[in-house]
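Just entry_20.tsv here, TSV, N, CA and C atoms:
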chain	number	residue	atom	x	y	z
A	1	MET	N	52.72	22.55	83.99
A	1	MET	CA	52.59	22.82	82.57
A	1	MET	C	52.50	24.34	82.38
A	2	THR	N	53.14	24.80	81.34
A	2	THR	CA	53.10	26.24	81.07
A	2	THR	C	51.94	26.56	80.14
A	3	LYS	N	51.65	27.85	80.06
A	3	LYS	CA	50.59	28.34	79.18
A	3	LYS	C	50.90	27.94	77.73
A	4	GLU	N	52.16	28.07	77.33
A	4	GLU	CA	52.57	27.74	75.96
A	4	GLU	C	52.40	26.24	75.68
A	5	GLN	N	52.78	25.42	76.64
A	5	GLN	CA	52.63	23.97	76.47
A	5	GLN	C	51.16	23.59	76.32
A	6	LEU	N	50.33	24.14	77.20
A	6	LEU	CA	48.90	23.83	77.13
A	6	LEU	C	48.32	24.31	75.80
A	7	THR	N	48.70	25.48	75.36
A	7	THR	CA	48.23	25.99	74.07
A	7	THR	C	48.65	25.04	72.95
A	8	HIS	N	49.87	24.56	73.01
A	8	HIS	CA	50.39	23.62	72.01
A	8	HIS	C	49.55	22.33	72.01
A	9	TYR	N	49.31	21.78	73.19
A	9	TYR	CA	48.52	20.55	73.29
A	9	TYR	C	47.08	20.75	72.80
A	10	ILE	N	46.53	21.89	73.11
A	10	ILE	CA	45.17	22.20	72.64
A	10	ILE	C	45.15	22.22	71.12
A	11	GLN	N	46.14	22.88	70.52
A	11	GLN	CA	46.18	22.99	69.05
A	11	GLN	C	46.39	21.62	68.39
A	12	LEU	N	47.14	20.73	69.03
A	12	LEU	CA	47.40	19.40	68.47
A	12	LEU	C	46.23	18.43	68.66
A	13	SER	N	45.35	18.75	69.56
A	13	SER	CA	44.30	17.81	69.94
A	13	SER	C	43.27	17.63	68.82
A	14	PHE	N	42.43	16.62	69.02
A	14	PHE	CA	41.38	16.29	68.06
A	14	PHE	C	40.01	16.83	68.48
A	15	ILE	N	39.99	17.74	69.43
A	15	ILE	CA	38.70	18.33	69.82
A	15	ILE	C	38.23	19.29	68.73
A	16	GLU	N	36.99	19.68	68.83
A	16	GLU	CA	36.41	20.59	67.83
A	16	GLU	C	37.21	21.88	67.75
A	17	GLU	N	37.32	22.41	66.55
A	17	GLU	CA	38.09	23.63	66.30
A	17	GLU	C	37.53	24.80	67.11
A	18	SER	N	36.22	24.87	67.21
A	18	SER	CA	35.61	25.97	67.97
A	18	SER	C	35.99	25.88	69.45
A	19	ASN	N	36.08	24.67	70.00
A	19	ASN	CA	36.49	24.49	71.39
A	19	ASN	C	37.96	24.85	71.58
A	20	LYS	N	38.78	24.53	70.59
A	20	LYS	CA	40.20	24.92	70.65
A	20	LYS	C	40.31	26.44	70.76
A	21	GLN	N	39.55	27.13	69.91
A	21	GLN	CA	39.60	28.60	69.90
A	21	GLN	C	39.15	29.17	71.23
A	22	LYS	N	38.09	28.59	71.81
A	22	LYS	CA	37.60	29.08	73.10
A	22	LYS	C	38.65	28.90	74.20
A	23	LEU	N	39.31	27.74	74.19
A	23	LEU	CA	40.31	27.48	75.22
A	23	LEU	C	41.52	28.41	75.09
A	24	VAL	N	41.99	28.58	73.87
A	24	VAL	CA	43.14	29.47	73.65
A	24	VAL	C	42.76	30.90	74.01
A	25	ALA	N	41.54	31.31	73.66
A	25	ALA	CA	41.08	32.66	74.01
A	25	ALA	C	41.00	32.82	75.53
A	26	ALA	N	40.52	31.77	76.21
A	26	ALA	CA	40.42	31.84	77.67
A	26	ALA	C	41.81	31.99	78.30
A	27	LEU	N	42.80	31.30	77.75
A	27	LEU	CA	44.17	31.45	78.25
A	27	LEU	C	44.66	32.89	78.04
A	28	GLY	N	44.32	33.45	76.89
A	28	GLY	CA	44.72	34.82	76.58
A	28	GLY	C	44.02	35.85	77.46
A	29	GLU	N	42.84	35.50	77.95
A	29	GLU	CA	42.07	36.42	78.79
A	29	GLU	C	42.44	36.29	80.26
A	30	GLY	N	43.37	35.39	80.56
A	30	GLY	CA	43.84	35.29	81.94
A	30	GLY	C	43.13	34.25	82.78
A	31	VAL	N	42.30	33.41	82.20
A	31	VAL	CA	41.68	32.33	82.98
A	31	VAL	C	42.81	31.42	83.46
A	32	SER	N	42.68	30.91	84.67
A	32	SER	CA	43.77	30.13	85.27
A	32	SER	C	44.09	28.90	84.43
A	33	LEU	N	45.35	28.55	84.46
A	33	LEU	CA	45.85	27.41	83.71
A	33	LEU	C	45.11	26.12	84.11
A	34	SER	N	44.90	25.94	85.39
A	34	SER	CA	44.23	24.72	85.87
A	34	SER	C	42.78	24.66	85.40
A	35	ASP	N	42.09	25.81	85.37
A	35	ASP	CA	40.71	25.82	84.90
A	35	ASP	C	40.63	25.47	83.41
A	36	VAL	N	41.53	26.06	82.63
A	36	VAL	CA	41.53	25.78	81.19
A	36	VAL	C	41.91	24.32	80.95
A	37	GLN	N	42.88	23.83	81.71
A	37	GLN	CA	43.30	22.44	81.56
A	37	GLN	C	42.15	21.49	81.90
A	38	ARG	N	41.41	21.79	82.94
A	38	ARG	CA	40.27	20.95	83.34
A	38	ARG	C	39.22	20.92	82.24
A	39	ILE	N	38.91	22.09	81.69
A	39	ILE	CA	37.91	22.17	80.60
A	39	ILE	C	38.42	21.43	79.37
A	40	PHE	N	39.71	21.60	79.08
A	40	PHE	CA	40.34	20.90	77.96
A	40	PHE	C	40.20	19.39	78.13
A	41	GLU	N	40.48	18.90	79.32
A	41	GLU	CA	40.36	17.47	79.59
A	41	GLU	C	38.91	17.00	79.44
A	42	ASP	N	37.97	17.84	79.87
A	42	ASP	CA	36.55	17.51	79.70
A	42	ASP	C	36.20	17.39	78.21
A	43	PHE	N	36.71	18.32	77.40
A	43	PHE	CA	36.48	18.25	75.95
A	43	PHE	C	37.09	16.98	75.36
A	44	LEU	N	38.29	16.63	75.82
A	44	LEU	CA	38.94	15.41	75.33
A	44	LEU	C	38.13	14.17	75.68
A	45	ILE	N	37.67	14.10	76.92
A	45	ILE	CA	36.87	12.96	77.37
A	45	ILE	C	35.59	12.87	76.55
A	46	GLU	N	34.95	14.01	76.33
A	46	GLU	CA	33.72	14.03	75.54
A	46	GLU	C	33.98	13.52	74.13
A	47	LYS	N	35.06	13.97	73.53
A	47	LYS	CA	35.39	13.57	72.16
A	47	LYS	C	35.73	12.08	72.10
A	48	ILE	N	36.49	11.59	73.08
A	48	ILE	CA	36.83	10.17	73.12
A	48	ILE	C	35.57	9.32	73.29
A	49	ASN	N	34.68	9.75	74.16
A	49	ASN	CA	33.42	9.02	74.35
A	49	ASN	C	32.60	8.99	73.07
A	50	MET	N	32.56	10.12	72.35
A	50	MET	CA	31.81	10.18	71.09
A	50	MET	C	32.44	9.26	70.05
A	51	GLN	N	33.76	9.24	69.99
A	51	GLN	CA	34.42	8.35	69.04
A	51	GLN	C	34.16	6.89	69.39
A	52	GLY	N	34.15	6.58	70.67
A	52	GLY	CA	33.83	5.22	71.11
A	52	GLY	C	32.41	4.84	70.72
A	53	TYR	N	31.48	5.75	70.92
A	53	TYR	CA	30.09	5.51	70.53
A	53	TYR	C	30.00	5.30	69.02
A	54	ASN	N	30.67	6.15	68.25
A	54	ASN	CA	30.64	6.01	66.79
A	54	ASN	C	31.26	4.69	66.35
A	55	TYR	N	32.32	4.28	67.03
A	55	TYR	CA	32.97	3.01	66.71
A	55	TYR	C	32.00	1.85	66.97
A	56	GLU	N	31.38	1.85	68.14
A	56	GLU	CA	30.43	0.79	68.49
A	56	GLU	C	29.26	0.76	67.51
A	57	LYS	N	28.78	1.93	67.14
A	57	LYS	CA	27.67	2.00	66.18
A	57	LYS	C	28.11	1.45	64.82
A	58	ALA	N	29.32	1.81	64.40
A	58	ALA	CA	29.83	1.33	63.11
A	58	ALA	C	29.96	-0.19	63.11
A	59	ILE	N	30.44	-0.74	64.22
A	59	ILE	CA	30.58	-2.20	64.33
A	59	ILE	C	29.20	-2.85	64.26
A	60	GLY	N	28.24	-2.28	64.96
A	60	GLY	CA	26.87	-2.80	64.93
A	60	GLY	C	26.27	-2.73	63.54
A	61	ASP	N	26.48	-1.60	62.87
A	61	ASP	CA	25.98	-1.45	61.49
A	61	ASP	C	26.61	-2.48	60.57
A	62	PHE	N	27.92	-2.66	60.71
A	62	PHE	CA	28.63	-3.64	59.88
A	62	PHE	C	28.08	-5.04	60.13
A	63	ASP	N	27.94	-5.40	61.39
A	63	ASP	CA	27.44	-6.74	61.72
A	63	ASP	C	26.06	-6.98	61.10
A	64	ALA	N	25.19	-5.99	61.22
A	64	ALA	CA	23.83	-6.14	60.69
A	64	ALA	C	23.85	-6.28	59.17
A	65	LEU	N	24.59	-5.40	58.51
A	65	LEU	CA	24.64	-5.44	57.04
A	65	LEU	C	25.36	-6.69	56.54
A	66	ALA	N	26.43	-7.11	57.21
A	66	ALA	CA	27.15	-8.30	56.80
A	66	ALA	C	26.29	-9.55	56.98
A	67	THR	N	25.53	-9.59	58.07
A	67	THR	CA	24.63	-10.72	58.30
A	67	THR	C	23.56	-10.78	57.22
A	68	GLU	N	23.01	-9.63	56.88
A	68	GLU	CA	22.01	-9.56	55.81
A	68	GLU	C	22.61	-10.04	54.49
A	69	LEU	N	23.81	-9.59	54.18
A	69	LEU	CA	24.47	-10.01	52.95
A	69	LEU	C	24.78	-11.50	52.97
A	70	ASP	N	25.26	-12.01	54.10
A	70	ASP	CA	25.54	-13.45	54.23
A	70	ASP	C	24.28	-14.28	53.99
A	71	THR	N	23.17	-13.84	54.54
A	71	THR	CA	21.90	-14.55	54.36
A	71	THR	C	21.51	-14.58	52.88
A	72	GLU	N	21.66	-13.44	52.22
A	72	GLU	CA	21.33	-13.36	50.80
A	72	GLU	C	22.24	-14.28	49.98
A	73	ILE	N	23.53	-14.27	50.26
A	73	ILE	CA	24.49	-15.10	49.53
A	73	ILE	C	24.20	-16.57	49.77
A	74	LYS	N	23.92	-16.93	51.00
A	74	LYS	CA	23.60	-18.34	51.31
A	74	LYS	C	22.37	-18.81	50.53
A	75	SER	N	21.36	-17.96	50.42
A	75	SER	CA	20.16	-18.35	49.68
A	75	SER	C	20.48	-18.51	48.19
A	76	GLN	N	21.37	-17.66	47.67
A	76	GLN	CA	21.77	-17.79	46.26
A	76	GLN	C	22.61	-19.05	46.05
A	77	GLU	N	23.44	-19.39	47.04
A	77	GLU	CA	24.22	-20.64	46.95
A	77	GLU	C	23.29	-21.85	46.95
A	78	ILE	N	22.24	-21.81	47.76
A	78	ILE	CA	21.27	-22.90	47.80
A	78	ILE	C	20.61	-23.06	46.43
A	79	LEU	N	20.26	-21.93	45.81
A	79	LEU	CA	19.67	-21.99	44.47
A	79	LEU	C	20.65	-22.56	43.45
A	80	LEU	N	21.91	-22.18	43.55
A	80	LEU	CA	22.92	-22.73	42.64
A	80	LEU	C	23.08	-24.24	42.85
A	81	ASP	N	23.09	-24.67	44.12
A	81	ASP	CA	23.20	-26.10	44.42
A	81	ASP	C	22.01	-26.88	43.87
A	82	LYS	N	20.84	-26.30	44.02
A	82	LYS	CA	19.63	-26.95	43.52
A	82	LYS	C	19.68	-27.05	41.99
A	83	ALA	N	20.10	-25.98	41.33
A	83	ALA	CA	20.21	-25.99	39.86
A	83	ALA	C	21.25	-27.02	39.43
A	84	LEU	N	22.35	-27.14	40.17
A	84	LEU	CA	23.37	-28.14	39.87
A	84	LEU	C	22.79	-29.54	39.94
A	85	ASP	N	22.08	-29.81	41.02
A	85	ASP	CA	21.47	-31.13	41.19
A	85	ASP	C	20.51	-31.44	40.04
A	86	GLU	N	19.69	-30.46	39.67
A	86	GLU	CA	18.74	-30.67	38.58
A	86	GLU	C	19.44	-30.94	37.25
A	87	LYS	N	20.52	-30.25	36.98
A	87	LYS	CA	21.26	-30.44	35.73
A	87	LYS	C	21.98	-31.78	35.72
A	88	LEU	N	22.54	-32.17	36.87
A	88	LEU	CA	23.26	-33.44	36.92
A	88	LEU	C	22.32	-34.63	36.73
A	89	VAL	N	21.09	-34.49	37.21
A	89	VAL	CA	20.10	-35.57	37.05
A	89	VAL	C	19.78	-35.77	35.57
A	90	GLN	N	19.81	-34.70	34.79
A	90	GLN	CA	19.46	-34.76	33.37
A	90	GLN	C	20.59	-35.28	32.49
A	91	VAL	N	21.79	-35.34	33.05
A	91	VAL	CA	22.95	-35.76	32.26
A	91	VAL	C	23.24	-37.24	32.53
A	92	ASN	N	23.57	-37.95	31.49
A	92	ASN	CA	23.93	-39.36	31.60
A	92	ASN	C	25.15	-39.48	32.52
A	93	LYS	N	25.07	-40.40	33.47
A	93	LYS	CA	26.15	-40.56	34.46
A	93	LYS	C	27.47	-40.98	33.81
A	94	ASN	N	27.40	-41.57	32.65
A	94	ASN	CA	28.62	-42.02	31.97
A	94	ASN	C	29.18	-40.96	31.02
A	95	ASP	N	28.47	-39.87	30.85
A	95	ASP	CA	28.94	-38.79	29.95
A	95	ASP	C	29.76	-37.80	30.78
A	96	TYR	N	31.04	-38.12	30.92
A	96	TYR	CA	31.90	-37.32	31.78
A	96	TYR	C	32.13	-35.91	31.25
A	97	ASP	N	32.15	-35.77	29.94
A	97	ASP	CA	32.33	-34.43	29.37
A	97	ASP	C	31.15	-33.53	29.72
A	98	ALA	N	29.95	-34.08	29.59
A	98	ALA	CA	28.75	-33.29	29.90
A	98	ALA	C	28.68	-32.99	31.40
A	99	ARG	N	29.03	-33.97	32.22
A	99	ARG	CA	29.02	-33.76	33.67
A	99	ARG	C	30.07	-32.71	34.07
A	100	ASN	N	31.25	-32.79	33.46
A	100	ASN	CA	32.29	-31.79	33.74
A	100	ASN	C	31.84	-30.40	33.32
A	101	ALA	N	31.13	-30.31	32.20
A	101	ALA	CA	30.63	-29.01	31.74
A	101	ALA	C	29.65	-28.43	32.75
A	102	VAL	N	28.78	-29.29	33.30
A	102	VAL	CA	27.82	-28.83	34.31
A	102	VAL	C	28.57	-28.34	35.55
A	103	TRP	N	29.56	-29.09	35.98
A	103	TRP	CA	30.34	-28.69	37.15
A	103	TRP	C	31.12	-27.40	36.87
A	104	ASP	N	31.70	-27.30	35.68
A	104	ASP	CA	32.44	-26.08	35.33
A	104	ASP	C	31.52	-24.86	35.38
A	105	GLU	N	30.30	-25.02	34.85
A	105	GLU	CA	29.32	-23.93	34.87
A	105	GLU	C	28.98	-23.56	36.32
A	106	TYR	N	28.80	-24.59	37.14
A	106	TYR	CA	28.48	-24.38	38.55
A	106	TYR	C	29.60	-23.59	39.24
A	107	TYR	N	30.84	-24.01	39.05
A	107	TYR	CA	31.95	-23.32	39.70
A	107	TYR	C	32.13	-21.90	39.17
A	108	ALA	N	31.84	-21.69	37.90
A	108	ALA	CA	31.91	-20.32	37.35
A	108	ALA	C	30.85	-19.44	38.00
A	109	GLU	N	29.65	-19.95	38.16
A	109	GLU	CA	28.58	-19.18	38.80
A	109	GLU	C	28.89	-18.94	40.28
A	110	LEU	N	29.46	-19.94	40.92
A	110	LEU	CA	29.85	-19.79	42.32
A	110	LEU	C	30.95	-18.73	42.45
A	111	GLY	N	31.88	-18.72	41.51
A	111	GLY	CA	32.94	-17.71	41.50
A	111	GLY	C	32.37	-16.30	41.34
A	112	LYS	N	31.40	-16.15	40.44
A	112	LYS	CA	30.75	-14.85	40.25
A	112	LYS	C	30.05	-14.42	41.54
A	113	LEU	N	29.39	-15.36	42.17
A	113	LEU	CA	28.69	-15.06	43.41
A	113	LEU	C	29.68	-14.60	44.49
A	114	ASN	N	30.79	-15.29	44.60
A	114	ASN	CA	31.80	-14.91	45.59
A	114	ASN	C	32.43	-13.56	45.28
A	115	THR	N	32.68	-13.29	44.01
A	115	THR	CA	33.23	-12.00	43.62
A	115	THR	C	32.25	-10.88	43.95
A	116	GLY	N	30.98	-11.10	43.65
A	116	GLY	CA	29.95	-10.13	43.99
A	116	GLY	C	29.85	-9.91	45.49
A	117	TYR	N	29.99	-10.98	46.23
A	117	TYR	CA	29.95	-10.89	47.70
A	117	TYR	C	31.09	-10.02	48.20
A	118	GLU	N	32.29	-10.26	47.70
A	118	GLU	CA	33.46	-9.49	48.12
A	118	GLU	C	33.29	-8.01	47.79
A	119	LYS	N	32.79	-7.71	46.59
A	119	LYS	CA	32.59	-6.32	46.18
A	119	LYS	C	31.57	-5.63	47.08
A	120	ARG	N	30.48	-6.32	47.35
A	120	ARG	CA	29.44	-5.73	48.19
A	120	ARG	C	29.91	-5.56	49.62
A	121	LEU	N	30.70	-6.51	50.11
A	121	LEU	CA	31.23	-6.40	51.47
A	121	LEU	C	32.19	-5.22	51.56
A	122	LYS	N	33.03	-5.03	50.56
A	122	LYS	CA	33.94	-3.88	50.54
A	122	LYS	C	33.15	-2.58	50.48
A	123	SER	N	32.07	-2.57	49.72
A	123	SER	CA	31.22	-1.39	49.63
A	123	SER	C	30.61	-1.06	50.98
A	124	ILE	N	30.15	-2.07	51.69
A	124	ILE	CA	29.57	-1.89	53.02
A	124	ILE	C	30.61	-1.29	53.96
A	125	VAL	N	31.81	-1.85	53.94
A	125	VAL	CA	32.88	-1.36	54.82
A	125	VAL	C	33.21	0.09	54.49
A	126	THR	N	33.31	0.40	53.21
A	126	THR	CA	33.63	1.78	52.78
A	126	THR	C	32.58	2.75	53.26
A	127	LYS	N	31.31	2.40	53.10
A	127	LYS	CA	30.22	3.27	53.54
A	127	LYS	C	30.24	3.48	55.04
A	128	ILE	N	30.49	2.43	55.78
A	128	ILE	CA	30.49	2.52	57.24
A	128	ILE	C	31.66	3.36	57.72
A	129	ILE	N	32.83	3.18	57.11
A	129	ILE	CA	34.00	3.97	57.50
A	129	ILE	C	33.76	5.44	57.17
A	130	ALA	N	33.20	5.71	56.00
A	130	ALA	CA	32.94	7.11	55.63
A	130	ALA	C	31.92	7.74	56.57
A	131	LYS	N	30.95	6.96	56.97
A	131	LYS	CA	29.91	7.45	57.87
A	131	LYS	C	30.44	7.70	59.28
A	132	ALA	N	31.37	6.82	59.70
A	132	ALA	CA	31.93	6.93	61.06
A	132	ALA	C	32.95	8.07	61.09

As structure tokens:
Amino acid sequence: MTKEQLTHYIQLSFIEESNKQKLVAALGEGVSLSDVQRIFEDFLIEKINMQGYNYEKAIGDFDALATELDTEIKSQEILLDKALDEKLVQVNKNDYDARNAVWDEYYAELGKLNTGYEKRLKSIVTKIIAKA
């Protein structure tokens, strides 16, 4: 590899800008190509390891927050089911219009709950991605 090629790869890399400048400066000061390349590879490995750690942390954060949200939604679904049962008991079994109205209300509330769940899940994902 030539000095120019290594400089090009350093500039294209995702390592910290300050490390890029140090490596390019070292090449300009006459530090051997192999020494600069070794340090460059060390910086790359460090950055890859950090990104892997951040990825694992983000996945863990998502799992924890999604589980918490799922638990909350399940408890709200249980409350909706209980309210449905209570309303159906109060309606005459032969009054299909009234029973359908109760079911329609239930499905509308369930729809709102699901829409809220989706919005909150998207918000969680957005926050985690921004943080990572």

- Query: Mind pulling up the distance from CA of Met50 in chain A to CA of Ala64 in chain A?
  - Reply: 20.9 Å

- 8 Å contact set for range 78-84 of chain A, all atoms listed in the file, chain neighbours under 3 positions out, as a PyMOL selection string: chain A and resi 72-75+87-90+102-103+106+109-110

- Message: If I take atom N of Ile45 in chain A and atom C of Gly60 in chain A, how far is one from the other in Å, to one decimal?
- Response: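 Interatomic distance, atom N of Ile45 in chain A to atom C of Gly60 in chain A: 24.3 Å.
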
- Message: Just checking: using all atoms listed in the file, which residue out of A:Val24, A:Lys122, A:Glu46, A:Leu65 ends up closest to Ile10 in chain A?
- Response: A:Val24

- From the list A:Gly28, A:Glu86, A:Leu44, A:Leu33, which residue is nearest Leu12 in chain A when using only C-alpha atoms?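 Looking at the shortest contact to Leu12 in chain A, the residue is A:Leu44.
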
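From atom C of Asp35 in chain A back to CA of Thr7 in chain A, the distance works out to 12.1 Å.
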
- Message: Can you tell me which residues surround Ile128 in chain A at a distance of at most 7 Å, considering all atoms listed in the file, apart from same-chain residues fewer than 4 positions away, and format the answer as an MDAnalysis selection string?
- Response: chainID A and resid 58 62 123:124 132
